[in-house]
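Enquirer: Below are the structure tokens for one structure; questions will follow.
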Amino acid sequence: MNWIKCEDRLPDNYCYVLVTRVYHTEGSEPHTMHTFFNVDREQARERNKYYSRKIQGKHSIHFECAERGFIITHWMPLPPPAKDN
């Protein structure tokens, strides 16, 4: 699996994904976390009253982990679950 830039494409439906996010200041270290993707921008906006398109960019609001000051830059589908051999 490869990371997909949010600028290039967002997930197609409501689903859990892995995301990479960085603090909005230059030089901040990226980190990875899982979150829920909500395709409905208005529904996502209702859940996150502190979202700032100016600081977080136009794509971050779709992800449940959108928090003040963080920009979600990339995403990927969750890997398949582990199987016992």
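Every chain in the structure tokens has a letter given in the order shown (A, B, ...), and although residue numbers restart at 1 in each chain, ligands are simply numbered from 1 in the order shown.
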Fewer than 2 positions away in the same chain doesn't count, so skip those; otherwise give me all residues within 6 Å of Arg21 in chain A, counting only C-alpha atoms, as a list in words.
Expert: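 With the cut-off at 6 Å, the set is Pro30, His31, Ile71, Ile72 and Thr73 of chain A.
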Enquirer: Extract, using only C-alpha atoms, all DNA, RNA and protein residues at most 12 Å from Lys54 in chain A, discarding same-chain residues fewer than 4 positions from it, and format them as a ChimeraX atom specification.
Expert: /A:24,50,58-61,68-71
Enquirer: Would you mind listing what lies within 12 Å of Ile4 in chain A as a list in words, with only C-alpha atoms counted and same-chain residues fewer than 6 positions away left out?
Expert: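 These residues fall inside the cut-off: Leu10, Pro11, Val17, Leu18, Val19, Thr20, Ile72, Thr73, His74, Trp75, Met76 and Pro77 of chain A.
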Enquirer: Residues as selected, N, CA, C and O atoms, written as a PDB file, in the first residue's frame, can you do that?
Expert:
```pdb
ATOM      1  N   LEU A  10      -9.311  11.783  -2.232  1.00  0.00           N
ATOM      2  CA  LEU A  10      -9.810  11.430  -0.907  1.00  0.00           C
ATOM      3  C   LEU A  10     -10.491  10.067  -1.004  1.00  0.00           C
ATOM      4  O   LEU A  10     -10.858   9.628  -2.103  1.00  0.00           O
ATOM      5  N   PRO A  11     -10.687   9.366   0.115  1.00  0.00           N
ATOM      6  CA  PRO A  11     -11.418   8.094   0.063  1.00  0.00           C
ATOM      7  C   PRO A  11     -12.811   8.289  -0.534  1.00  0.00           C
ATOM      8  O   PRO A  11     -13.378   9.382  -0.493  1.00  0.00           O
ATOM      9  N   VAL A  17      -9.321   4.873   7.976  1.00  0.00           N
ATOM     10  CA  VAL A  17      -8.085   4.954   7.202  1.00  0.00           C
ATOM     11  C   VAL A  17      -6.930   5.322   8.127  1.00  0.00           C
ATOM     12  O   VAL A  17      -7.140   5.734   9.260  1.00  0.00           O
ATOM     13  N   LEU A  18      -5.717   5.160   7.624  1.00  0.00           N
ATOM     14  CA  LEU A  18      -4.534   5.703   8.278  1.00  0.00           C
ATOM     15  C   LEU A  18      -4.270   7.066   7.677  1.00  0.00           C
ATOM     16  O   LEU A  18      -4.480   7.262   6.474  1.00  0.00           O
ATOM     17  N   VAL A  19      -3.829   8.010   8.481  1.00  0.00           N
ATOM     18  CA  VAL A  19      -3.489   9.335   7.966  1.00  0.00           C
ATOM     19  C   VAL A  19      -2.126   9.762   8.497  1.00  0.00           C
ATOM     20  O   VAL A  19      -1.671   9.290   9.538  1.00  0.00           O
ATOM     21  N   THR A  20      -1.498  10.642   7.753  1.00  0.00           N
ATOM     22  CA  THR A  20      -0.298  11.329   8.211  1.00  0.00           C
ATOM     23  C   THR A  20      -0.705  12.770   8.458  1.00  0.00           C
ATOM     24  O   THR A  20      -1.348  13.389   7.609  1.00  0.00           O
ATOM     25  N   ILE A  72      -3.858  17.336   7.758  1.00  0.00           N
ATOM     26  CA  ILE A  72      -3.769  15.957   7.296  1.00  0.00           C
ATOM     27  C   ILE A  72      -3.301  16.008   5.848  1.00  0.00           C
ATOM     28  O   ILE A  72      -3.951  16.612   4.997  1.00  0.00           O
ATOM     29  N   THR A  73      -2.164  15.383   5.582  1.00  0.00           N
ATOM     30  CA  THR A  73      -1.525  15.499   4.271  1.00  0.00           C
ATOM     31  C   THR A  73      -1.696  14.270   3.394  1.00  0.00           C
ATOM     32  O   THR A  73      -1.767  14.384   2.174  1.00  0.00           O
ATOM     33  N   HIS A  74      -1.740  13.077   3.999  1.00  0.00           N
ATOM     34  CA  HIS A  74      -1.812  11.829   3.250  1.00  0.00           C
ATOM     35  C   HIS A  74      -2.740  10.842   3.960  1.00  0.00           C
ATOM     36  O   HIS A  74      -2.956  10.957   5.159  1.00  0.00           O
ATOM     37  N   TRP A  75      -3.214   9.849   3.222  1.00  0.00           N
ATOM     38  CA  TRP A  75      -4.032   8.787   3.803  1.00  0.00           C
ATOM     39  C   TRP A  75      -3.768   7.483   3.053  1.00  0.00           C
ATOM     40  O   TRP A  75      -3.207   7.482   1.960  1.00  0.00           O
ATOM     41  N   MET A  76      -4.177   6.373   3.662  1.00  0.00           N
ATOM     42  CA  MET A  76      -4.155   5.069   2.995  1.00  0.00           C
ATOM     43  C   MET A  76      -5.186   4.170   3.658  1.00  0.00           C
ATOM     44  O   MET A  76      -5.522   4.375   4.826  1.00  0.00           O
ATOM     45  N   PRO A  77      -5.713   3.194   2.920  1.00  0.00           N
ATOM     46  CA  PRO A  77      -6.657   2.256   3.530  1.00  0.00           C
ATOM     47  C   PRO A  77      -5.976   1.481   4.650  1.00  0.00           C
ATOM     48  O   PRO A  77      -4.752   1.309   4.648  1.00  0.00           O
TER      49      PRO A  77
END
```
Enquirer: Tell me, which residues of chain A carry DSSP strand (DSSP E), written as a list in words?
Expert: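 Everything in chain A that counts as strand (DSSP E) is Ile4, Lys5, Cys15, Tyr16, Val17, Leu18, Val19, Thr20, Arg21, Val22, Tyr23, His31, Thr32, Met33, His34, Thr35, Phe36, Phe37, Phe70, Ile71, Ile72, Thr73, His74, Trp75, Met76 and Pro77 of chain A.
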Enquirer: Looking at A:Val39, A:Met1, A:Ile55, A:Ala44, which one is nearest to Pro79 in chain A, with distances taken over only C-alpha atoms?
Expert: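 The answer is A:Met1, which sits nearest to Pro79 in chain A.
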Enquirer: Can you measure CA of Arg45 in chain A to CA of Thr32 in chain A for me? One decimal in Å is fine.
Expert: 22.1 Å
Enquirer: Which of these, A:Ser28, A:Asn38, A:Asn48, A:Asn85, has the shortest distance to Phe63 in chain A once you count only C-alpha atoms?
Expert: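 Under the stated criterion, the closest residue is A:Asn38.
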Enquirer: Skip Tyr16 in chain A itself and residues of its chain fewer than 5 positions away, then list as a list in words all residues within 9 Å of it, counting only C-alpha atoms.
Expert: His34, Thr35, Phe36, Phe37, Pro77 and Leu78 of chain A
Enquirer: Limited to C-alpha atoms, could you put the picked residues into a file as a PDB file, in the first residue's frame?
Expert:
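Dumped to result.pdb:
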```
ATOM      1  CA  HIS A  34      -6.022   5.952  12.288  1.00  0.00           C
ATOM      2  CA  THR A  35      -9.248   7.871  11.921  1.00  0.00           C
ATOM      3  CA  PHE A  36     -12.690   7.804  10.340  1.00  0.00           C
ATOM      4  CA  PHE A  37     -13.248   9.484   6.969  1.00  0.00           C
ATOM      5  CA  PRO A  77      -6.657   2.256   3.530  1.00  0.00           C
ATOM      6  CA  LEU A  78      -6.196   0.173   6.649  1.00  0.00           C
TER       7      LEU A  78
END
```
